[in-house]
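Q: To start, I am sharing the structure in question, which I have written as structure tokens.
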Amino acid sequence: MNEVLGDLQVLDFCWVGAGALVTKLLAEHGAVVIKIESRARPDNLRVAPPYAPGPKGLEASGYFASRNNDKKSFALNMQRPEGQELARQLAVKCDVITNNFRPGVMERWGLGYEDVSKLNPRVIYLSMSMQGSDGPHREYIGFGSTIAALSGLVHLSGRPDREPVGTGTHYPDHIPSPGHALVAVLAAILHRDRTGSGAEIELSQLEATVSMLAPAIAAADNGSGELVRIGNRSDQACPSGVFRCAGAERWCAIAVRTREQWCGLTQVLADPILAREPELETIAGRRAREGELERRIAALVSGRDRDELVTGLQGAGVPSWGVLSSPDLLADQQLRARDFWRELSHPVIGKITAPSEPYRINGERTGPRRAAPLLGEHTREIAAALLGLSEPEIDELTEARVLW
Amino acid sequence: MSDESDSPLTGFTSLLGDVTVVELDGEFCPYAGRLLVDLGAKVTRVRRAECGHDVWWPLHRGKAEFVVDPERPADRRRLLEVIDDCDVLVQSAGPDERDWLGIEPTVVHESRPRMIHAVLTPYGLYGPNAGFPSTELTRLAAGGLLWLGGYPDAEPVAPYGDQSAQSTAIFGVVAILLMLIERSRTGAGGLIEVSAQEAMTQALETSLSEFELTGAVRHRAGSAPREAGTGIYPCADGFVSMVAGRLGTARAWGQLREWLIETATPGADQLRAPSWDTLEFRQRPDSIKRFEEIFTAFTRTRTKQHLYLEAQHRNIALAPVNAPREVLADPQLTARAAFVGATDPLNGKPVKVPRSPFRIRLAGDEAAAK
């Protein structure tokens, strides 16, 4: 599956967050992704931390590197009419075109779907602006965190006695937006393989996150009252919480659904008091005393070693896991045993450890193979191969800051 | 389900019209089936005769239902027949999941060479911890997203709404589509295995590279502003979320300052000092605190909708922290018909549920144009 998309060329105008993760996955499955970028207006992520030690510049961002592996970088100044013309020539030769600009930007460059599809009717064309291509807020701007706020996710995430807290990240950029865009693009590729017909795809990033809150939206509309934040509690499990173990910032997640799991928990916690109370064997019985149970468990685990406790609980059949930090994840035995992490070598940053895709297909892993490109690393190669430009022409366009 | 939502392809073109899918009821599957319905696949959801209220009912529109008791041999035989005929079988696996087929998930596809069998799991089908039971909370813990959420002075807090289960479903559908592309060339199906733990590692932003490049372990920052201009701020009727000054929004910082000065907000004049023009200065704790004082004096007398509209007119990325009922009333979502009608099975009331977030128009398919 590493090469399942090996016959596709993708002209990628995506930048910053969500869009870059769409074309990252396409590249990891073999598509040739040509990232259009320019020194005239670099991708914001190229100047975003974290940086490798040493001079910062445009090549040292770990943020950029984490989203652009396996792509080719074509330096093209889209502020110049000559740059726009070269992009239009590339658009005719590519199978997929992607952008996450505000509506209207691609059209101003003569690269809107209507223009491109006249010359390239088989093209699959993805636009993923924040709120879609029509409607009164189509030009509004935002980031993952503000999309999460608009969608209802921030309001619902947090403790009931505190302000809303969200996910602590730009979560919509990482899974909801790129995930739904990929589903649509891959379905269109399948359809094109069968019929030869291209497609225009429009994704509203806001709607992608709203789509992942369907039960909350339906509940809000049926008049049964406003939903409230529930912290780590759950309709499915009780107790369900995160508890502090011995040491600084050592936490474990514990959630109990069944009688067997409850008995396992009381055994591992070696708590004769809880174990003696039969009404706690049902979820309803535990729910009636949820706060008390949470305090009791917190007291019982506060001096325990996190990993020993979790191992004991897992062995007893209790859903439990350490709350893993970045170093914990890199050392996690399950991920290591599953050959999850890939090691890449970047000429400026050095070693980069990157996650694979979260699936195996017929036992085969797919993931990063080549580190992110330097800005313009593949300009000459692409200008010659796809645009038919000679070396002197490339030099001239570089000098004129068009291939820039 | 006989609702308005029986037409999942309204405004869309069917891309998977000839693909048949069997979705075995399980915690990771409802959203996977939902996406496949939205693409036009014929999805049959297999469920038990005896099951309580299903919180995932808003995702089942457009799916056919097949009710079985897997303990009855006749039902299990019928189920195997249904599976024999499908292109794609989606199931959840893990110690908490029902054994629908009486066959190990790893071998179901072996006697069905064209079938694509997607097994959605908490931690994978293989590995030393593969067999451990899970809930949403433990999957978020294992995948690292839980670590990043919550208030700095309290325990980590999970995001709302079974995000690990739904994310696993999305990646499952991505893998199914990749395999359908491959199958259209080779004719061969096979086994897909998705891990929820691994799915959540895709959502960790820069925390892994931050650790690797600098040795710093990123901790949960809560709702507190990370720098002057970026964070969650209280207002007259709730909260707003804003990003002004980072990731290429330097101009927005200037616009924000002008807005505060123009409205004669007390203290806003102080923001004219050149030191405020640098991100480094705005990231200092005293700068964050001073800006928060000035800004919240301004926002506390204004509603989130007012702030949203005024900020966006000034090209500032500010958004209301909406409750779900406010999401339902959002003018943009309403204008784009982002919701469809359905019937709540608990009380028979008509309610709105989200429509598919993507719109697909085939080349030359003017009838399906937006």
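Labeling convention for the structure tokens: chains A, B, ... as they appear, residues from 1 per chain, ligands from 1 in order of appearance.
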Determine, counting only C-alpha atoms, which protein, DNA and RNA residues have an atom within 9 Å of an atom of Cys263 in chain A; residues of the same chain fewer than 3 positions away are not included. Present the result as a list in words.
A: Thr258, Arg259, Glu260, Thr266, Gln267, Val268, Ala275, Glu281, Ala316 and Val318 of chain A
Q: Keeping N, CA and C atoms, export the residues of the selection given above as a short mmCIF file (atom, residue, chain, number, x, y, z; two decimals), in the first residue's frame.
A:
data_model
loop_
_atom_site.label_atom_id
_atom_site.label_comp_id
_atom_site.auth_asym_id
_atom_site.auth_seq_id
_atom_site.Cartn_x
_atom_site.Cartn_y
_atom_site.Cartn_z
N THR A 258 -17.96 -2.80 34.07
CA THR A 258 -18.66 -4.02 34.46
C THR A 258 -18.37 -4.41 35.90
N ARG A 259 -19.15 -5.36 36.36
CA ARG A 259 -18.94 -5.89 37.71
C ARG A 259 -17.55 -6.49 37.85
N GLU A 260 -17.15 -7.26 36.81
CA GLU A 260 -15.83 -7.91 36.86
C GLU A 260 -14.72 -6.87 36.94
N THR A 266 -11.00 -3.21 42.82
CA THR A 266 -10.90 -3.25 44.30
C THR A 266 -9.78 -4.20 44.74
N GLN A 267 -9.59 -5.26 43.95
CA GLN A 267 -8.49 -6.19 44.29
C GLN A 267 -7.13 -5.53 44.14
N VAL A 268 -6.94 -4.87 42.99
CA VAL A 268 -5.63 -4.27 42.73
C VAL A 268 -5.37 -3.13 43.71
N ALA A 275 -14.47 -3.28 48.52
CA ALA A 275 -14.76 -4.64 48.05
C ALA A 275 -15.94 -5.26 48.78
N GLU A 281 -21.27 -2.98 42.97
CA GLU A 281 -20.99 -3.87 41.84
C GLU A 281 -21.81 -3.50 40.61
N ALA A 316 -5.68 -7.30 35.60
CA ALA A 316 -6.94 -7.68 36.24
C ALA A 316 -8.15 -7.38 35.36
N VAL A 318 -9.03 -4.46 34.04
CA VAL A 318 -9.64 -3.14 34.25
C VAL A 318 -9.12 -2.18 33.18
#
Q: Please identify the helix (DSSP H, G or I) residues within range 124-360 of chain B (assignment by DSSP from backbone atoms) and present them as a ChimeraX atom specification.
A: /B:136-143,145-148,163-186,196-203,207-214,250-262,268-272,274-277,279-282,285-299,304-313,324-329,331-335
Q: Show me which bits of chain B are within 6 Å of chain A, counting only C-alpha atoms, as a ChimeraX atom specification.
A: /B:15,127-129,133-134,138,141-142,144,147-149,157-160,174,181,190-195,198-199,203,206,208-210,213,222-223,241,247-248,312,317,319-325,332,335,351-354,357-363
Q: What does the file look like for those residues with C-alpha atoms, as an mmCIF file, in the first residue's frame?
A:
data_model
loop_
_atom_site.group_PDB
_atom_site.id
_atom_site.type_symbol
_atom_site.label_atom_id
_atom_site.label_comp_id
_atom_site.auth_asym_id
_atom_site.auth_seq_id
_atom_site.Cartn_x
_atom_site.Cartn_y
_atom_site.Cartn_z
ATOM 1 C CA LEU B 15 -19.274 7.621 -5.557
ATOM 2 C CA GLY B 127 1.366 -6.328 20.366
ATOM 3 C CA PRO B 128 1.778 -7.074 24.062
ATOM 4 C CA ASN B 129 -1.126 -4.823 25.128
ATOM 5 C CA PRO B 133 -9.924 -3.606 27.653
ATOM 6 C CA SER B 134 -10.461 0.042 26.881
ATOM 7 C CA THR B 138 -7.932 5.020 28.335
ATOM 8 C CA ALA B 141 -4.515 8.431 27.625
ATOM 9 C CA ALA B 142 -2.638 5.831 25.574
ATOM 10 C CA GLY B 144 -1.244 11.138 24.242
ATOM 11 C CA TRP B 147 -1.965 14.552 28.440
ATOM 12 C CA LEU B 148 -2.404 17.847 26.549
ATOM 13 C CA GLY B 149 -5.944 18.638 27.724
ATOM 14 C CA VAL B 157 -9.158 16.380 31.051
ATOM 15 C CA ALA B 158 -10.415 14.519 27.985
ATOM 16 C CA PRO B 159 -12.081 16.199 25.017
ATOM 17 C CA TYR B 160 -15.811 15.642 24.795
ATOM 18 C CA VAL B 174 -9.380 6.100 4.716
ATOM 19 C CA ILE B 181 -8.541 1.598 -5.040
ATOM 20 C CA GLY B 190 -7.627 -8.276 2.685
ATOM 21 C CA LEU B 191 -7.343 -7.189 6.279
ATOM 22 C CA ILE B 192 -7.190 -3.662 7.649
ATOM 23 C CA GLU B 193 -6.312 -3.158 11.286
ATOM 24 C CA VAL B 194 -6.711 0.282 12.864
ATOM 25 C CA SER B 195 -5.484 1.241 16.328
ATOM 26 C CA GLU B 198 -2.178 5.223 17.077
ATOM 27 C CA ALA B 199 -4.995 7.369 15.686
ATOM 28 C CA ALA B 203 -3.432 14.800 16.996
ATOM 29 C CA THR B 206 4.087 19.807 17.893
ATOM 30 C CA LEU B 208 6.582 15.144 19.865
ATOM 31 C CA SER B 209 8.929 17.279 17.790
ATOM 32 C CA GLU B 210 9.201 19.797 20.630
ATOM 33 C CA LEU B 213 14.276 18.943 19.214
ATOM 34 C CA GLY B 222 -5.724 25.033 29.919
ATOM 35 C CA SER B 223 -7.789 27.942 28.700
ATOM 36 C CA SER B 241 -11.596 32.072 21.475
ATOM 37 C CA LEU B 247 1.228 31.901 12.865
ATOM 38 C CA GLY B 248 1.222 34.711 10.363
ATOM 39 C CA GLN B 312 -13.978 39.132 11.641
ATOM 40 C CA ALA B 317 -9.483 35.229 14.044
ATOM 41 C CA ALA B 319 -14.859 32.963 17.361
ATOM 42 C CA PRO B 320 -17.590 32.422 19.932
ATOM 43 C CA VAL B 321 -17.334 29.431 22.266
ATOM 44 C CA ASN B 322 -20.688 28.044 21.157
ATOM 45 C CA ALA B 323 -22.965 25.718 23.083
ATOM 46 C CA PRO B 324 -24.587 23.076 20.851
ATOM 47 C CA ARG B 325 -27.875 25.017 20.682
ATOM 48 C CA GLN B 332 -23.432 30.151 8.371
ATOM 49 C CA ALA B 335 -27.307 29.111 5.266
ATOM 50 C CA VAL B 351 -34.463 17.001 15.664
ATOM 51 C CA LYS B 352 -31.609 18.199 13.525
ATOM 52 C CA VAL B 353 -28.395 16.240 13.016
ATOM 53 C CA PRO B 354 -25.245 17.199 11.080
ATOM 54 C CA PRO B 357 -19.311 17.876 5.807
ATOM 55 C CA PHE B 358 -18.101 17.295 2.269
ATOM 56 C CA ARG B 359 -19.812 18.172 -0.969
ATOM 57 C CA ILE B 360 -18.749 16.310 -4.074
ATOM 58 C CA ARG B 361 -19.675 17.254 -7.605
ATOM 59 C CA LEU B 362 -18.580 15.101 -10.494
ATOM 60 C CA ALA B 363 -17.168 16.777 -13.575
#
Q: I'd like the interatomic distance between CA of Pro373 in chain A and CA of His346 in chain A, to a tenth of an Å.
A: 8.4 Å
Q: Taking the chain letters and numbering used in this document, name the residues of range 85-149 of chain B that DSSP puts in strand (DSSP E or B), as a ChimeraX atom specification.
A: /B:88-92,116-121
Q: Can you write out the residues you just picked, keeping C-alpha atoms, as a PDB file, in the first residue's frame?
A:
ATOM      1  CA  VAL B  88     -16.521  -4.339   2.968  1.00  0.00           C
ATOM      2  CA  LEU B  89     -16.983  -5.664   6.494  1.00  0.00           C
ATOM      3  CA  VAL B  90     -16.426  -3.207   9.346  1.00  0.00           C
ATOM      4  CA  GLN B  91     -16.185  -4.392  12.907  1.00  0.00           C
ATOM      5  CA  SER B  92     -14.864  -3.313  16.275  1.00  0.00           C
ATOM      6  CA  ILE B 116     -12.079  -5.904   2.615  1.00  0.00           C
ATOM      7  CA  HIS B 117     -12.275  -6.539   6.337  1.00  0.00           C
ATOM      8  CA  ALA B 118     -11.662  -3.476   8.472  1.00  0.00           C
ATOM      9  CA  VAL B 119     -11.106  -4.246  12.136  1.00  0.00           C
ATOM     10  CA  LEU B 120     -11.188  -1.160  14.333  1.00  0.00           C
ATOM     11  CA  THR B 121      -9.438  -1.740  17.649  1.00  0.00           C
TER      12      THR B 121
END
Q: Identify which of the residues B:Glu293, B:Glu27, B:Glu97, B:Asp344 lies closest to Ser167 in chain B, counting only C-alpha atoms when measuring atom-to-atom distances.
A: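 So, comparing all the options, the nearest one is B:Glu27.
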Q: Hey, what's within 9 Å of range 76-90 of chain A if we count only C-alpha atoms and toss same-chain stuff fewer than 2 positions away? As a ChimeraX atom specification, please?
A: /A:11,36-41,74,92-94,109-111,116,376,379,386-387,397,401-404
Q: Go ahead and write the residues just picked, C-alpha atoms, as a PDB file, in the first residue's frame.
A:
ATOM      1  CA  LEU A  11      -0.532  20.044  -7.008  1.00  0.00           C
ATOM      2  CA  ILE A  36       3.778  25.151  -4.044  1.00  0.00           C
ATOM      3  CA  GLU A  37       5.517  27.553  -1.727  1.00  0.00           C
ATOM      4  CA  SER A  38       7.661  30.644  -1.959  1.00  0.00           C
ATOM      5  CA  ARG A  39      10.259  32.699  -0.199  1.00  0.00           C
ATOM      6  CA  ALA A  40       8.073  35.658  -1.120  1.00  0.00           C
ATOM      7  CA  ARG A  41       5.498  34.406   1.365  1.00  0.00           C
ATOM      8  CA  PHE A  74       8.401  23.750  -5.859  1.00  0.00           C
ATOM      9  CA  VAL A  92      -3.205  20.846 -16.462  1.00  0.00           C
ATOM     10  CA  LYS A  93      -0.737  18.048 -15.780  1.00  0.00           C
ATOM     11  CA  CYS A  94      -1.814  17.087 -12.268  1.00  0.00           C
ATOM     12  CA  TRP A 109      -5.083  33.247  -9.922  1.00  0.00           C
ATOM     13  CA  GLY A 110      -7.135  31.643 -12.683  1.00  0.00           C
ATOM     14  CA  LEU A 111      -6.868  28.364 -10.802  1.00  0.00           C
ATOM     15  CA  VAL A 116      -8.875  24.286 -14.376  1.00  0.00           C
ATOM     16  CA  GLY A 376      12.461  24.819  -3.487  1.00  0.00           C
ATOM     17  CA  THR A 379      12.112  23.261  -8.308  1.00  0.00           C
ATOM     18  CA  LEU A 386       6.681  18.953 -16.050  1.00  0.00           C
ATOM     19  CA  LEU A 387       7.089  22.418 -17.516  1.00  0.00           C
ATOM     20  CA  LEU A 397      13.064  32.728 -13.722  1.00  0.00           C
ATOM     21  CA  ARG A 401      12.246  35.776  -8.374  1.00  0.00           C
ATOM     22  CA  VAL A 402       9.481  33.854 -10.100  1.00  0.00           C
ATOM     23  CA  LEU A 403      10.852  30.413  -9.288  1.00  0.00           C
ATOM     24  CA  TRP A 404      11.453  31.739  -5.790  1.00  0.00           C
TER      25      TRP A 404
END
